[in-house]
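Below is one structure, written out as structure tokens, with a few remarks after it.
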Amino acid sequence: MPLFPVGEPISEYYTRPQWFVGRVSPLHERRVADILRQMDVEYFLPVQIEHHRWSDRIKKVEVVLTPGYIFVRCMQSRLRLLLSDIPDLKSFLYNRQEKRSETIPEKQMELFRLMVEYDDRAITVDSRQFSAGDHVRVIFGPLAGQECDLVEINGTHCIAVNLGLLGSARIEMPLKQVEKMSRPVKAGK
């Protein structure tokens, strides 16, 4: 059976750059990011500043939010080349059900990047898949206008961005900052 059946349109998965989740050697996220930058490959390494307290001082430390992972935007056909050219890039998350490398939709990556880059609240990346809750739009603050899912974790309301097999990223969000929306219709359904 041919990879692309005759007469059927080729999926965007193969024809457009997608966001893939790369698995890297422990503590080598920044090294892989530097190599990707030198290769002129778009990537996203989510980091945030944390305040670490020692007995005699408090120090600001830049912490990777997704230890062991980096987000890479490229054509699917380039994945093998990246794996062979970057020794510390070990693999890309693979969706066995769909029999292809896992991708994160552009809209979700955009929201995740906004959460990391423009909001100073702590972000938690959780490997557990969140259950779908109310679909909401943020109406105040740096994330205003963004649509996402609302979840409740330990009695606290959070907005969450699904990161596929990697899990989800979430940030605390007071209910007065969101409005309920109808769930978007998925393409092809």
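Residues in the structure tokens are named by chain (A, B, ... in the order shown) and by number from 1 within that chain; ligands are numbered from 1 in the order shown.
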| message | Need to verify the contact set: region 78-82 of chain A, 9 Å, only C-alpha atoms, exclusion of same-chain residues closer than 4 positions in sequence. Can you return it as a PyMOL selection string? | response | chain A and resi 20+36+74+86-87+89+91-92
Put those residues in a file: N, CA, C and O atoms, as a compact mmCIF listing (two decimals), in the first residue's frame.
# COMPACT_ATOMS: atom_id res chain seq x y z
N PHE A 20 6.53 19.38 16.86
CA PHE A 20 6.81 18.04 17.36
C PHE A 20 7.46 18.18 18.74
O PHE A 20 8.06 19.20 19.05
N LEU A 36 19.84 23.64 17.46
CA LEU A 36 18.70 23.95 16.59
C LEU A 36 18.77 25.39 16.10
O LEU A 36 18.48 25.67 14.94
N CYS A 74 8.99 21.92 12.39
CA CYS A 74 9.62 21.62 11.11
C CYS A 74 8.70 20.71 10.30
O CYS A 74 7.63 20.32 10.76
N ILE A 86 21.84 15.65 15.66
CA ILE A 86 21.91 16.16 17.03
C ILE A 86 21.97 14.98 17.98
O ILE A 86 20.95 14.35 18.28
N PRO A 87 23.17 14.65 18.47
CA PRO A 87 23.32 13.45 19.31
C PRO A 87 22.45 13.46 20.57
O PRO A 87 22.00 12.40 20.99
N LEU A 89 19.51 14.75 20.92
CA LEU A 89 18.09 14.65 20.57
C LEU A 89 17.83 13.17 20.32
O LEU A 89 18.29 12.60 19.34
N SER A 91 14.73 11.22 20.40
CA SER A 91 13.56 10.76 19.64
C SER A 91 12.51 11.85 19.65
O SER A 91 12.68 12.89 20.29
N PHE A 92 11.42 11.59 18.96
CA PHE A 92 10.25 12.46 19.01
C PHE A 92 9.10 11.62 19.55
O PHE A 92 9.03 10.42 19.26
| message | With only C-alpha atoms as the counted atoms, please give the residues lying no more than 7 Å from Lys180 (chain A), apart from itself and same-chain residues fewer than 5 positions off, as a list of chain:residue names. | response |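 In the requested format, the answer is A:Asp134, A:His135, A:Val136, A:Arg137.
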Dump N, CA, C and O atoms for the selected residues as a CSV table (one decimal), in the first residue's frame?
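out-v2.csv written:
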chain,number,residue,atom,x,y,z
A,134,ASP,N,-15.0,22.8,30.9
A,134,ASP,CA,-15.6,23.8,30.2
A,134,ASP,C,-14.6,24.5,29.2
A,134,ASP,O,-13.5,24.7,29.6
A,135,HIS,N,-15.1,24.8,28.0
A,135,HIS,CA,-14.2,25.5,27.1
A,135,HIS,C,-14.4,27.0,27.4
A,135,HIS,O,-15.6,27.5,27.5
A,136,VAL,N,-13.4,27.7,27.6
A,136,VAL,CA,-13.5,29.1,28.0
A,136,VAL,C,-12.6,30.1,27.2
A,136,VAL,O,-11.7,29.6,26.5
A,137,ARG,N,-12.9,31.4,27.3
A,137,ARG,CA,-12.1,32.4,26.7
A,137,ARG,C,-11.6,33.3,27.8
A,137,ARG,O,-12.4,33.7,28.6
| message | For the strand (DSSP E or B) assignment from backbone DSSP, which residues of region 42-98 of chain A qualify? Please present them as a PyMOL selection string. | response | chain A and resi 42-44+47-53+58-64+69-74+89-92+94-95
| In Å, how far is it from CA of Thr15 (chain A) to CA of Met75 (chain A)? |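 Computing the Euclidean distance for CA of Thr15 (chain A) and CA of Met75 (chain A) yields 7.2 Å.
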| note | As a check of understanding: the span from CA of Ser11 (chain A) to CA of Asp40 (chain A) is 24.9 Å
| field | Exercise: Met173 (chain A) partners within 8 Å, only C-alpha atoms, chain neighbours under 3 positions left out, as a VMD selection string | value | chain A and resid 157 to 159 177 to 178
| Using only C-alpha atoms, which of the listed residues (A:Glu12, A:Asp34, A:Glu117, A:Glu179) sits closest to Gln48 (chain A)? |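 The shortest atom-to-atom distance to Gln48 (chain A) comes from A:Glu117.
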| note | The residue from A:Thr103, A:Tyr14, A:Arg30, A:Trp19 with the smallest atom-to-atom distance to Ser77 (chain A), counting only C-alpha atoms, is A:Tyr14
